[in-house]
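Okay, work_7.cif is below, mmCIF, C-alpha atoms:
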```cif
data_run
loop_
_atom_site.group_PDB
_atom_site.id
_atom_site.type_symbol
_atom_site.label_atom_id
_atom_site.label_comp_id
_atom_site.auth_asym_id
_atom_site.auth_seq_id
_atom_site.Cartn_x
_atom_site.Cartn_y
_atom_site.Cartn_z
ATOM 1 C CA MET A 1208 -62.153 38.358 -56.575
ATOM 2 C CA PRO A 1209 -62.893 36.014 -59.538
ATOM 3 C CA PRO A 1210 -61.755 32.399 -59.446
ATOM 4 C CA GLY A 1211 -58.069 31.811 -60.117
ATOM 5 C CA PRO A 1212 -56.669 29.572 -62.898
ATOM 6 C CA SER A 1213 -57.490 26.503 -60.761
ATOM 7 C CA GLY A 1214 -61.155 27.517 -60.540
ATOM 8 C CA TYR A 1215 -60.963 28.254 -56.785
ATOM 9 C CA ASN A 1216 -61.959 31.567 -55.249
ATOM 10 C CA LEU A 1217 -58.618 32.457 -53.658
ATOM 11 C CA ALA A 1218 -60.193 35.263 -51.632
ATOM 12 C CA ARG A 1219 -61.713 32.600 -49.367
ATOM 13 C CA PHE A 1220 -58.253 31.313 -48.365
ATOM 14 C CA ASP A 1221 -57.408 33.907 -45.707
ATOM 15 C CA LEU A 1222 -54.300 33.569 -43.537
ATOM 16 C CA VAL A 1223 -56.135 32.656 -40.336
ATOM 17 C CA SER A 1224 -57.872 29.782 -42.097
ATOM 18 C CA LEU A 1225 -54.598 28.609 -43.665
ATOM 19 C CA LEU A 1226 -52.990 28.551 -40.230
ATOM 20 C CA LEU A 1227 -55.992 26.668 -38.854
ATOM 21 C CA VAL A 1228 -55.582 23.884 -41.437
ATOM 22 C CA VAL A 1229 -51.864 23.559 -40.675
ATOM 23 C CA ASP A 1230 -52.605 23.362 -36.947
ATOM 24 C CA CYS A 1231 -55.320 20.744 -37.548
ATOM 25 C CA LEU A 1232 -52.849 18.589 -39.467
ATOM 26 C CA GLN A 1233 -50.083 18.964 -36.883
ATOM 27 C CA GLN A 1234 -52.242 18.504 -33.792
ATOM 28 C CA GLY A 1235 -54.916 16.135 -35.082
ATOM 29 C CA SER A 1236 -57.608 17.965 -33.154
ATOM 30 C CA LEU A 1237 -59.911 20.838 -34.099
ATOM 31 C CA SER A 1238 -60.190 22.064 -30.502
ATOM 32 C CA ALA A 1239 -56.395 22.130 -30.074
ATOM 33 C CA ALA A 1240 -55.997 23.842 -33.450
ATOM 34 C CA ALA A 1241 -58.622 26.435 -32.485
ATOM 35 C CA ARG A 1242 -56.689 27.259 -29.314
ATOM 36 C CA SER A 1243 -53.426 27.609 -31.269
ATOM 37 C CA SER A 1244 -55.149 29.897 -33.784
ATOM 38 C CA HIS A 1245 -56.851 31.916 -30.997
ATOM 39 C CA LEU A 1246 -60.306 31.029 -32.301
ATOM 40 C CA ALA A 1247 -63.457 29.881 -30.583
ATOM 41 C CA LEU A 1248 -64.225 26.256 -31.416
ATOM 42 C CA ALA A 1249 -67.438 27.197 -33.246
ATOM 43 C CA ALA A 1250 -65.587 29.809 -35.323
ATOM 44 C CA ALA A 1251 -62.827 27.333 -36.182
ATOM 45 C CA SER A 1252 -65.390 24.726 -37.219
ATOM 46 C CA ARG A 1253 -67.160 27.254 -39.443
ATOM 47 C CA ARG A 1254 -63.914 28.323 -41.105
ATOM 48 C CA LEU A 1255 -62.946 24.738 -41.818
ATOM 49 C CA ARG A 1256 -66.373 24.011 -43.379
ATOM 50 C CA GLU A 1257 -66.099 27.116 -45.545
ATOM 51 C CA LEU A 1258 -62.673 26.052 -46.779
ATOM 52 C CA GLU A 1259 -63.953 22.582 -47.601
ATOM 53 C CA ASP A 1260 -66.875 24.131 -49.491
ATOM 54 C CA ALA A 1261 -64.407 26.261 -51.472
ATOM 55 C CA VAL A 1262 -62.162 23.283 -52.253
ATOM 56 C CA GLY A 1263 -65.133 21.078 -53.062
ATOM 57 C CA GLU A 1264 -64.151 18.108 -50.910
ATOM 58 C CA PRO A 1265 -63.285 17.330 -47.273
ATOM 59 C CA LEU A 1266 -59.883 18.291 -45.967
ATOM 60 C CA PHE A 1267 -60.190 16.079 -42.869
ATOM 61 C CA GLU A 1268 -62.060 12.978 -41.775
ATOM 62 C CA ARG A 1269 -63.771 13.500 -38.405
ATOM 63 C CA HIS A 1270 -63.692 10.690 -35.865
ATOM 64 C CA GLY A 1271 -63.949 10.259 -32.120
ATOM 65 C CA ARG A 1272 -60.249 10.832 -31.507
ATOM 66 C CA GLY A 1273 -59.910 13.932 -33.667
ATOM 67 C CA LEU A 1274 -59.077 14.642 -37.304
ATOM 68 C CA LEU A 1275 -57.296 12.692 -40.032
ATOM 69 C CA PRO A 1276 -56.228 14.548 -43.199
ATOM 70 C CA THR A 1277 -57.601 13.447 -46.540
ATOM 71 C CA GLY A 1278 -55.455 13.558 -49.663
ATOM 72 C CA ALA A 1279 -56.815 17.039 -50.361
ATOM 73 C CA GLY A 1280 -56.096 18.046 -46.771
ATOM 74 C CA ARG A 1281 -52.447 17.022 -47.013
ATOM 75 C CA VAL A 1282 -51.991 18.939 -50.280
ATOM 76 C CA PHE A 1283 -53.776 22.007 -48.892
ATOM 77 C CA ALA A 1284 -51.775 21.967 -45.636
ATOM 78 C CA ARG A 1285 -48.437 21.585 -47.450
ATOM 79 C CA HIS A 1286 -49.043 24.603 -49.653
ATOM 80 C CA ALA A 1287 -50.543 26.581 -46.768
ATOM 81 C CA LEU A 1288 -47.407 25.961 -44.714
ATOM 82 C CA GLU A 1289 -45.185 27.093 -47.590
ATOM 83 C CA MET A 1290 -47.225 30.305 -47.908
ATOM 84 C CA LEU A 1291 -47.059 30.999 -44.174
ATOM 85 C CA GLN A 1292 -43.317 30.376 -44.101
ATOM 86 C CA SER A 1293 -42.874 32.700 -47.080
ATOM 87 C CA LEU A 1294 -44.734 35.424 -45.192
ATOM 88 C CA GLU A 1295 -42.537 34.831 -42.134
ATOM 89 C CA GLN A 1296 -39.480 35.177 -44.358
ATOM 90 C CA MET A 1297 -40.848 38.400 -45.819
ATOM 91 C CA GLY A 1298 -41.324 39.786 -42.308
ATOM 92 C CA SER A 1299 -37.795 38.782 -41.364
ATOM 93 C CA GLU A 1300 -36.318 40.485 -44.420
ATOM 94 C CA LEU A 1301 -38.339 43.650 -43.829
ATOM 95 C CA ALA A 1302 -37.023 43.706 -40.256
ATOM 96 C CA ASP A 1303 -33.495 43.246 -41.590
ATOM 97 C CA LEU A 1304 -33.907 46.367 -43.728
ATOM 98 C CA LYS A 1305 -34.287 48.393 -40.545
ATOM 99 C CA ARG A 1306 -30.958 46.980 -39.352
ATOM 100 C CA GLY A 1307 -29.169 47.887 -42.580
ATOM 101 C CA VAL A 1308 -29.355 44.474 -44.300
ATOM 102 C CA THR A 1309 -30.315 45.225 -47.883
ATOM 103 C CA ARG A 1310 -29.766 41.834 -49.558
ATOM 104 C CA HIS A 1311 -30.367 38.175 -48.802
ATOM 105 C CA VAL A 1312 -28.350 35.596 -50.723
ATOM 106 C CA ARG A 1313 -29.169 31.896 -50.497
ATOM 107 C CA LEU A 1314 -26.273 29.444 -50.489
ATOM 108 C CA CYS A 1315 -26.787 25.669 -50.502
ATOM 109 C CA ALA A 1316 -23.837 23.425 -49.697
ATOM 110 C CA SER A 1317 -22.917 19.812 -49.069
ATOM 111 C CA THR A 1318 -22.055 18.495 -45.623
ATOM 112 C CA ALA A 1319 -18.385 18.173 -46.585
ATOM 113 C CA ALA A 1320 -18.168 21.812 -47.665
ATOM 114 C CA ILE A 1321 -19.822 23.058 -44.481
ATOM 115 C CA ASN A 1322 -17.801 20.891 -42.118
ATOM 116 C CA GLN A 1323 -14.448 21.685 -43.695
ATOM 117 C CA PHE A 1324 -14.404 25.107 -45.305
ATOM 118 C CA LEU A 1325 -17.431 27.387 -45.262
ATOM 119 C CA PRO A 1326 -17.835 28.635 -41.641
ATOM 120 C CA PRO A 1327 -14.716 30.868 -41.476
ATOM 121 C CA LEU A 1328 -15.321 32.137 -45.005
ATOM 122 C CA LEU A 1329 -18.913 33.105 -44.237
ATOM 123 C CA ALA A 1330 -17.823 34.731 -40.983
ATOM 124 C CA ARG A 1331 -15.338 36.854 -42.920
ATOM 125 C CA HIS A 1332 -18.009 37.798 -45.458
ATOM 126 C CA ALA A 1333 -20.382 38.790 -42.648
ATOM 127 C CA ARG A 1334 -17.733 41.185 -41.299
ATOM 128 C CA GLU A 1335 -16.878 42.671 -44.690
ATOM 129 C CA ALA A 1336 -20.381 42.910 -46.176
ATOM 130 C CA ARG A 1337 -22.690 43.692 -43.259
ATOM 131 C CA HIS A 1338 -25.500 44.720 -45.594
ATOM 132 C CA VAL A 1339 -25.723 41.176 -47.046
ATOM 133 C CA HIS A 1340 -27.297 38.265 -45.169
ATOM 134 C CA VAL A 1341 -26.209 34.834 -46.447
ATOM 135 C CA GLU A 1342 -28.766 32.094 -45.823
ATOM 136 C CA LEU A 1343 -26.974 28.734 -45.703
ATOM 137 C CA GLU A 1344 -28.801 25.427 -46.169
ATOM 138 C CA GLU A 1345 -27.170 21.996 -45.951
ATOM 139 C CA GLN A 1346 -28.149 19.556 -48.709
ATOM 140 C CA VAL A 1347 -26.691 16.498 -50.416
ATOM 141 C CA SER A 1348 -24.580 17.368 -53.462
ATOM 142 C CA SER A 1349 -27.107 16.260 -56.076
ATOM 143 C CA LEU A 1350 -29.830 18.391 -54.502
ATOM 144 C CA VAL A 1351 -27.503 21.403 -54.248
ATOM 145 C CA ALA A 1352 -26.973 21.350 -58.012
ATOM 146 C CA THR A 1353 -30.712 20.998 -58.659
ATOM 147 C CA THR A 1354 -31.590 23.836 -56.273
ATOM 148 C CA VAL A 1355 -29.222 26.256 -58.027
ATOM 149 C CA ARG A 1356 -30.279 25.103 -61.493
ATOM 150 C CA GLU A 1357 -33.935 25.748 -60.647
ATOM 151 C CA GLY A 1358 -33.165 29.232 -59.312
ATOM 152 C CA ARG A 1359 -34.039 28.484 -55.683
ATOM 153 C CA ALA A 1360 -30.528 29.466 -54.561
ATOM 154 C CA GLU A 1361 -27.991 31.879 -56.013
ATOM 155 C CA LEU A 1362 -24.969 29.741 -55.110
ATOM 156 C CA GLY A 1363 -24.171 26.097 -54.480
ATOM 157 C CA VAL A 1364 -21.096 24.246 -53.264
ATOM 158 C CA PHE A 1365 -20.936 20.500 -53.852
ATOM 159 C CA VAL A 1366 -18.648 17.577 -54.574
ATOM 160 C CA GLU A 1367 -17.780 17.042 -58.228
ATOM 161 C CA GLY A 1368 -19.569 14.143 -59.878
ATOM 162 C CA VAL A 1369 -23.206 15.246 -59.945
ATOM 163 C CA ASP A 1370 -25.014 16.566 -63.023
ATOM 164 C CA THR A 1371 -23.828 20.138 -63.680
ATOM 165 C CA GLU A 1372 -25.750 20.782 -66.893
ATOM 166 C CA GLY A 1373 -27.091 24.341 -66.937
ATOM 167 C CA LEU A 1374 -24.608 25.545 -64.297
ATOM 168 C CA GLU A 1375 -21.410 27.592 -64.347
ATOM 169 C CA CYS A 1376 -18.898 25.854 -62.075
ATOM 170 C CA GLN A 1377 -15.549 26.860 -60.607
ATOM 171 C CA LEU A 1378 -13.114 25.008 -58.381
ATOM 172 C CA PHE A 1379 -13.851 25.721 -54.716
ATOM 173 C CA ARG A 1380 -11.581 23.369 -52.736
ATOM 174 C CA ARG A 1381 -10.056 19.883 -52.738
ATOM 175 C CA ASP A 1382 -10.312 17.280 -50.010
ATOM 176 C CA GLU A 1383 -9.103 13.734 -49.305
ATOM 177 C CA LEU A 1384 -11.213 10.734 -48.329
ATOM 178 C CA VAL A 1385 -9.842 8.243 -45.805
ATOM 179 C CA LEU A 1386 -10.980 5.074 -44.091
ATOM 180 C CA VAL A 1387 -12.307 5.600 -40.561
ATOM 181 C CA LEU A 1388 -11.596 2.616 -38.319
ATOM 182 C CA PRO A 1389 -11.918 1.487 -34.701
ATOM 183 C CA ALA A 1390 -8.613 1.590 -32.800
ATOM 184 C CA LYS A 1391 -8.057 -2.191 -32.915
ATOM 185 C CA HIS A 1392 -9.474 -2.928 -36.364
ATOM 186 C CA ARG A 1393 -7.669 -5.408 -38.615
ATOM 187 C CA LEU A 1394 -7.269 -2.807 -41.380
ATOM 188 C CA ASN A 1395 -5.252 -0.401 -39.259
ATOM 189 C CA GLY A 1396 -1.749 0.160 -40.551
ATOM 190 C CA ARG A 1397 0.526 2.437 -42.515
ATOM 191 C CA GLY A 1398 0.333 3.080 -46.214
ATOM 192 C CA ALA A 1399 -2.629 3.571 -48.502
ATOM 193 C CA ILE A 1400 -5.063 0.708 -49.025
ATOM 194 C CA PRO A 1401 -7.367 0.046 -52.006
ATOM 195 C CA PHE A 1402 -11.034 0.518 -51.202
ATOM 196 C CA ALA A 1403 -11.764 -2.947 -52.622
ATOM 197 C CA ASP A 1404 -9.641 -4.521 -49.868
ATOM 198 C CA ALA A 1405 -12.180 -3.303 -47.292
ATOM 199 C CA LEU A 1406 -15.346 -4.516 -49.002
ATOM 200 C CA GLU A 1407 -15.697 -7.516 -46.686
ATOM 201 C CA GLU A 1408 -16.564 -5.095 -43.874
ATOM 202 C CA ASP A 1409 -19.923 -3.683 -42.823
ATOM 203 C CA TRP A 1410 -20.200 -0.015 -43.767
ATOM 204 C CA ILE A 1411 -21.588 3.083 -42.112
ATOM 205 C CA SER A 1412 -22.346 5.867 -44.575
ATOM 206 C CA LEU A 1413 -24.319 9.016 -45.218
ATOM 207 C CA ALA A 1414 -27.898 9.180 -46.455
ATOM 208 C CA GLU A 1415 -28.934 8.541 -50.046
ATOM 209 C CA GLY A 1416 -28.026 11.335 -52.430
ATOM 210 C CA ALA A 1417 -24.677 12.077 -50.797
ATOM 211 C CA ALA A 1418 -21.842 12.223 -53.351
ATOM 212 C CA LEU A 1419 -19.649 10.166 -51.009
ATOM 213 C CA LEU A 1420 -22.116 7.266 -50.880
ATOM 214 C CA GLN A 1421 -22.535 7.362 -54.643
ATOM 215 C CA LYS A 1422 -18.773 7.085 -55.090
ATOM 216 C CA GLN A 1423 -18.626 4.108 -52.706
ATOM 217 C CA HIS A 1424 -21.372 2.329 -54.678
ATOM 218 C CA GLU A 1425 -19.526 2.991 -57.947
ATOM 219 C CA ALA A 1426 -16.226 1.705 -56.557
ATOM 220 C CA ALA A 1427 -17.839 -1.451 -55.180
ATOM 221 C CA HIS A 1428 -19.573 -2.066 -58.517
ATOM 222 C CA ALA A 1429 -16.267 -1.614 -60.393
ATOM 223 C CA ALA A 1430 -14.696 -4.208 -58.091
ATOM 224 C CA GLY A 1431 -17.569 -6.615 -58.766
ATOM 225 C CA ARG A 1432 -18.414 -6.749 -55.062
ATOM 226 C CA PRO A 1433 -21.422 -5.636 -53.008
ATOM 227 C CA LEU A 1434 -21.232 -2.698 -50.634
ATOM 228 C CA LYS A 1435 -22.448 -4.149 -47.342
ATOM 229 C CA LEU A 1436 -24.186 -0.994 -46.219
ATOM 230 C CA ARG A 1437 -25.332 -1.523 -42.642
ATOM 231 C CA MET A 1438 -26.411 1.930 -41.449
ATOM 232 C CA GLN A 1439 -26.991 5.374 -42.980
ATOM 233 C CA VAL A 1440 -27.003 8.638 -41.048
ATOM 234 C CA ARG A 1441 -26.913 12.345 -41.837
ATOM 235 C CA SER A 1442 -23.758 13.684 -40.194
ATOM 236 C CA PHE A 1443 -20.044 12.908 -39.951
ATOM 237 C CA ASP A 1444 -20.348 12.942 -36.170
ATOM 238 C CA ALA A 1445 -23.033 10.246 -36.239
ATOM 239 C CA VAL A 1446 -20.937 8.141 -38.636
ATOM 240 C CA CYS A 1447 -17.988 8.266 -36.235
ATOM 241 C CA HIS A 1448 -20.139 7.400 -33.221
ATOM 242 C CA LEU A 1449 -21.348 4.249 -34.989
ATOM 243 C CA VAL A 1450 -17.828 3.280 -36.062
ATOM 244 C CA ALA A 1451 -16.604 3.803 -32.496
ATOM 245 C CA SER A 1452 -19.344 1.412 -31.334
ATOM 246 C CA GLY A 1453 -17.947 -1.328 -33.573
ATOM 247 C CA LEU A 1454 -20.889 -1.417 -35.962
ATOM 248 C CA GLY A 1455 -18.838 -0.937 -39.122
ATOM 249 C CA ILE A 1456 -16.222 1.173 -40.842
ATOM 250 C CA ALA A 1457 -16.606 4.319 -42.950
ATOM 251 C CA VAL A 1458 -15.082 6.659 -45.486
ATOM 252 C CA LEU A 1459 -15.035 10.359 -44.609
ATOM 253 C CA PRO A 1460 -13.184 13.547 -45.632
ATOM 254 C CA LYS A 1461 -9.947 13.578 -43.664
ATOM 255 C CA SER A 1462 -9.834 17.178 -42.487
ATOM 256 C CA ALA A 1463 -13.450 17.133 -41.314
ATOM 257 C CA ALA A 1464 -13.211 13.777 -39.565
ATOM 258 C CA LEU A 1465 -9.859 14.152 -37.782
ATOM 259 C CA PRO A 1466 -11.116 16.212 -34.816
ATOM 260 C CA ILE A 1467 -14.048 13.826 -34.318
ATOM 261 C CA MET A 1468 -11.854 10.744 -34.640
ATOM 262 C CA GLY A 1469 -9.381 12.142 -32.129
ATOM 263 C CA ALA A 1470 -12.107 12.677 -29.576
ATOM 264 C CA MET A 1471 -13.428 9.126 -30.043
ATOM 265 C CA GLY A 1472 -10.138 7.262 -30.235
ATOM 266 C CA LEU A 1473 -10.629 6.238 -33.864
ATOM 267 C CA ARG A 1474 -7.911 5.706 -36.491
ATOM 268 C CA TRP A 1475 -7.692 6.570 -40.158
ATOM 269 C CA ARG A 1476 -5.951 5.085 -43.161
ATOM 270 C CA ALA A 1477 -5.383 6.605 -46.586
ATOM 271 C CA LEU A 1478 -7.134 5.183 -49.648
ATOM 272 C CA ALA A 1479 -5.069 4.307 -52.718
ATOM 273 C CA ASP A 1480 -7.945 4.962 -55.137
ATOM 274 C CA ALA A 1481 -7.819 8.034 -57.373
ATOM 275 C CA TRP A 1482 -11.413 8.954 -56.454
ATOM 276 C CA ALA A 1483 -10.339 9.507 -52.833
ATOM 277 C CA SER A 1484 -8.918 12.865 -53.930
ATOM 278 C CA ARG A 1485 -11.982 15.012 -54.612
ATOM 279 C CA ARG A 1486 -12.777 18.415 -56.028
ATOM 280 C CA MET A 1487 -15.519 20.653 -54.689
ATOM 281 C CA LEU A 1488 -17.213 23.017 -57.091
ATOM 282 C CA LEU A 1489 -18.966 26.341 -56.623
ATOM 283 C CA ALA A 1490 -21.896 26.759 -59.003
ATOM 284 C CA THR A 1491 -24.090 29.610 -60.186
ATOM 285 C CA ARG A 1492 -26.584 29.911 -62.997
ATOM 286 C CA PRO A 1493 -25.177 31.094 -66.347
ATOM 287 C CA GLY A 1494 -25.368 34.790 -67.098
ATOM 288 C CA MET A 1495 -25.898 35.902 -63.527
ATOM 289 C CA ASN A 1496 -25.077 39.599 -63.348
ATOM 290 C CA ASP A 1497 -25.457 40.427 -59.677
ATOM 291 C CA PRO A 1498 -22.602 42.402 -58.053
ATOM 292 C CA VAL A 1499 -23.525 41.172 -54.558
ATOM 293 C CA VAL A 1500 -23.381 37.519 -55.606
ATOM 294 C CA GLU A 1501 -20.243 38.091 -57.679
ATOM 295 C CA GLN A 1502 -18.498 39.629 -54.662
ATOM 296 C CA LEU A 1503 -19.359 36.593 -52.536
ATOM 297 C CA VAL A 1504 -18.171 34.236 -55.284
ATOM 298 C CA ARG A 1505 -14.828 36.056 -55.536
ATOM 299 C CA MET A 1506 -14.312 35.859 -51.800
ATOM 300 C CA LEU A 1507 -15.079 32.141 -51.722
ATOM 301 C CA ILE A 1508 -12.992 31.281 -54.786
ATOM 302 C CA GLU A 1509 -9.927 33.516 -54.265
ATOM 303 C CA PRO A 1510 -8.098 31.293 -51.777
ATOM 304 C CA SER A 1511 -9.079 28.014 -53.437
ATOM 305 C CA GLN A 1512 -5.597 27.391 -54.824
ATOM 306 C CA LYS A 1513 -3.693 28.252 -51.657
ATOM 307 C CA ALA A 1514 -6.024 27.636 -48.692
ATOM 308 C CA LYS A 1515 -5.914 23.951 -47.909
ATOM 309 C CA ALA A 1516 -6.618 22.000 -44.785
ATOM 310 C CA ALA A 1517 -3.694 22.232 -42.394
ATOM 311 C CA PRO A 1518 -1.444 19.157 -42.549
ATOM 312 C CA ARG A 1519 -1.941 16.758 -39.680
ATOM 313 C CA LYS A 1520 0.462 14.352 -38.088
ATOM 314 C CA ARG A 1521 -0.167 10.857 -39.374
ATOM 315 C CA GLN A 1522 -1.756 8.416 -36.937
#
```

Same coordinates, now as structure tokens:
Amino acid sequence: MPPGPSGYNLARFDLVSLLLVVDCLQQGSLSAAARSSHLALAAASRRLRELEDAVGEPLFERHGRGLLPTGAGRVFARHALEMLQSLEQMGSELADLKRGVTRHVRLCASTAAINQFLPPLLARHAREARHVHVELEEQVSSLVATTVREGRAELGVFVEGVDTEGLECQLFRRDELVLVLPAKHRLNGRGAIPFADALEEDWISLAEGAALLQKQHEAAHAAGRPLKLRMQVRSFDAVCHLVASGLGIAVLPKSAALPIMGAMGLRWRALADAWASRRMLLATRPGMNDPVVEQLVRMLIEPSQKAKAAPRKRQ
């Protein structure tokens, strides 16, 4: 095989050698990597030298305690892992064909959408369209929009407010944000409260990129006050655990947080701000003409005007 566009002879990058490099990076030892790859140590060493000759520079620095990846080694291992995972996915999809699954559809969604709405809808779709396998991945809203825009997912569900250029969006659901408070916190009470009235508190929030955190930053900026962000985590459950420990207060979607708050003895209070009432959007790329995807979109969108979170008794 002639050299590829990069000038490398791709025929020298066989799968066993790719796996060996990934194992070397993960285990930091050639002998351990050789065992994982079912190679003799001498054979593993030869393969690694041949790869380095093909690349034109070392992939690892050798030292008494094992291996350390060079810059080239980290790049090589990252792409090798992506290739190996792609092959695993291909094998999984081929196996699915034998079970009658003829299509895979990738759906990316925000934490709020997954925690509040998607599980029963996807369970219904799995019953009604057994030949379609929906692959769900949780991402922050901004990344969901980017993933769909770049064609790495057919569908995305996210909170309104991120860049939707190059996407076709429809209303998916609405939700309400509320303050999450310890049982004896000074802000407990009846009636909605402006977000600005709570800015003296320490805050627990989600990781960077979450639409909820972005909205909190914007509201604090509009009030001319800092958001005293103390801790950031990746799940609603973790947020509530930290609030219950007295480390701060939080803002979360009401319907998703209520079961967690009930279990932890937390309280909630409505927010008076207009931004506390949110819209979630379902996005696809323009011009998509795929009956399988269109069927899933219809099923997800159909109840959007009538299926709302069940009303809960006020605390």

(Q) Applying 8 Å and all atoms listed in the file, which residues near A:Ser1244 remain after dropping the ones on its own chain fewer than 3 positions away? List them as a PyMOL selection string. (A) chain A and resi 1223+1226-1227+1230+1240-1241

Q: Would you list the contacts of A:Glu1361 as a list in words, taking every protein, DNA or RNA residue within 8 Å and counting only C-alpha atoms, but skipping same-chain residues closer than 5 positions in sequence?
A: Val1312, Arg1313, Leu1314, Val1355, Thr1491, Arg1492 and Val1500 of chain A

Using C-alpha atoms, can you export the residues from the last selection as a short mmCIF file (atom, residue, chain, number, x, y, z; two decimals), keeping the file's coordinate frame?
```
data_model
loop_
_atom_site.label_atom_id
_atom_site.label_comp_id
_atom_site.auth_asym_id
_atom_site.auth_seq_id
_atom_site.Cartn_x
_atom_site.Cartn_y
_atom_site.Cartn_z
CA VAL A 1312 -28.35 35.60 -50.72
CA ARG A 1313 -29.17 31.90 -50.50
CA LEU A 1314 -26.27 29.44 -50.49
CA VAL A 1355 -29.22 26.26 -58.03
CA THR A 1491 -24.09 29.61 -60.19
CA ARG A 1492 -26.58 29.91 -63.00
CA VAL A 1500 -23.38 37.52 -55.61
#
```

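Within the 12 Å cut-off around A:Gly1273, using all atoms listed in the file and omitting residues fewer than 3 positions from it on the same chain, the listed residues are A:Cys1231, A:Leu1232, A:Gln1233, A:Gln1234, A:Gly1235, A:Ser1236, A:Leu1237, A:Ser1238, A:Ala1239, A:Ala1240, A:Phe1267, A:Glu1268, A:Arg1269, A:His1270, A:Pro1276.
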
Q: Name the residues in contact with A:Ala1427 at a cut-off of 9 Å, using only C-alpha atoms, excluding same-chain residues fewer than 5 positions from it; report them as a ChimeraX atom specification.
A: /A:1402-1403,1406,1422,1432-1434

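Comparing the minimum interatomic distances between A:Lys1461 and each of A:Ala1352, A:Ala1483, A:Ile1400, A:Ala1418, counting only C-alpha atoms, we find that A:Ala1483 sits nearest.
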
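Matched in the shown structure by the PyMOL selection byres ((chain A and resi 1506) around 12): A:Leu1325, A:Pro1327, A:Leu1328, A:Leu1329, A:Ala1330, A:Arg1331, A:His1332, A:Ala1333, A:Glu1335, A:Ala1336, A:Phe1379, A:Leu1489, A:Val1499, A:Val1500, A:Glu1501, A:Gln1502, A:Leu1503, A:Val1504, A:Arg1505, A:Leu1507, A:Ile1508, A:Glu1509, A:Pro1510, A:Ser1511.
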
With C-alpha atoms retained, could you export that selection as a tab-separated table (two decimals), in the coordinates of the input?
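Just written: selection10.tsv:
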```tsv
chain	number	residue	atom	x	y	z
A	1325	LEU	CA	-17.43	27.39	-45.26
A	1327	PRO	CA	-14.72	30.87	-41.48
A	1328	LEU	CA	-15.32	32.14	-45.00
A	1329	LEU	CA	-18.91	33.10	-44.24
A	1330	ALA	CA	-17.82	34.73	-40.98
A	1331	ARG	CA	-15.34	36.85	-42.92
A	1332	HIS	CA	-18.01	37.80	-45.46
A	1333	ALA	CA	-20.38	38.79	-42.65
A	1335	GLU	CA	-16.88	42.67	-44.69
A	1336	ALA	CA	-20.38	42.91	-46.18
A	1379	PHE	CA	-13.85	25.72	-54.72
A	1489	LEU	CA	-18.97	26.34	-56.62
A	1499	VAL	CA	-23.52	41.17	-54.56
A	1500	VAL	CA	-23.38	37.52	-55.61
A	1501	GLU	CA	-20.24	38.09	-57.68
A	1502	GLN	CA	-18.50	39.63	-54.66
A	1503	LEU	CA	-19.36	36.59	-52.54
A	1504	VAL	CA	-18.17	34.24	-55.28
A	1505	ARG	CA	-14.83	36.06	-55.54
A	1507	LEU	CA	-15.08	32.14	-51.72
A	1508	ILE	CA	-12.99	31.28	-54.79
A	1509	GLU	CA	-9.93	33.52	-54.26
A	1510	PRO	CA	-8.10	31.29	-51.78
A	1511	SER	CA	-9.08	28.01	-53.44
```

Please produce, as a tab-separated table, a per-residue contact table for stretch 1458-1513 of chain A versus stretch 1437-1444 of chain A (criterion: any atom at most 12 Å away, all atoms listed in the file considered), showing the nearest atom pair and its distance in Å to one decimal, sorted by chain then residue number.
```
residue	atom	partner	partner_atom	distance
A:Val1458	CA	A:Phe1443	CA	9.7
A:Leu1459	CA	A:Phe1443	CA	7.3
A:Pro1460	CA	A:Phe1443	CA	8.9
A:Lys1461	CA	A:Phe1443	CA	10.8
A:Ser1462	CA	A:Phe1443	CA	11.4
A:Ala1463	CA	A:Phe1443	CA	7.9
A:Ala1464	CA	A:Phe1443	CA	6.9
A:Leu1465	CA	A:Phe1443	CA	10.5
A:Pro1466	CA	A:Asp1444	CA	9.9
A:Ile1467	CA	A:Asp1444	CA	6.6
A:Met1468	CA	A:Asp1444	CA	8.9
A:Gly1469	CA	A:Asp1444	CA	11.7
A:Ala1470	CA	A:Asp1444	CA	10.6
A:Met1471	CA	A:Asp1444	CA	10.0
```

Q: Apply the PyMOL selection byres ((chain A and resi 1263) around 12) to the displayed file and report the matching residues as a ChimeraX atom specification.
A: /A:1214-1216,1256-1262,1264-1266,1279-1280

Q: Write out as a VMD selection string the residues lying within 6 Å of A:Arg1381, counting only C-alpha atoms and excluding same-chain residues fewer than 4 positions away.
A: chain A and resid 1485 to 1487

Q | Distance of atom CA of A:Gln1421 from atom CA of A:Arg1474, expressed in Å to one decimal place | A | 23.4 Å
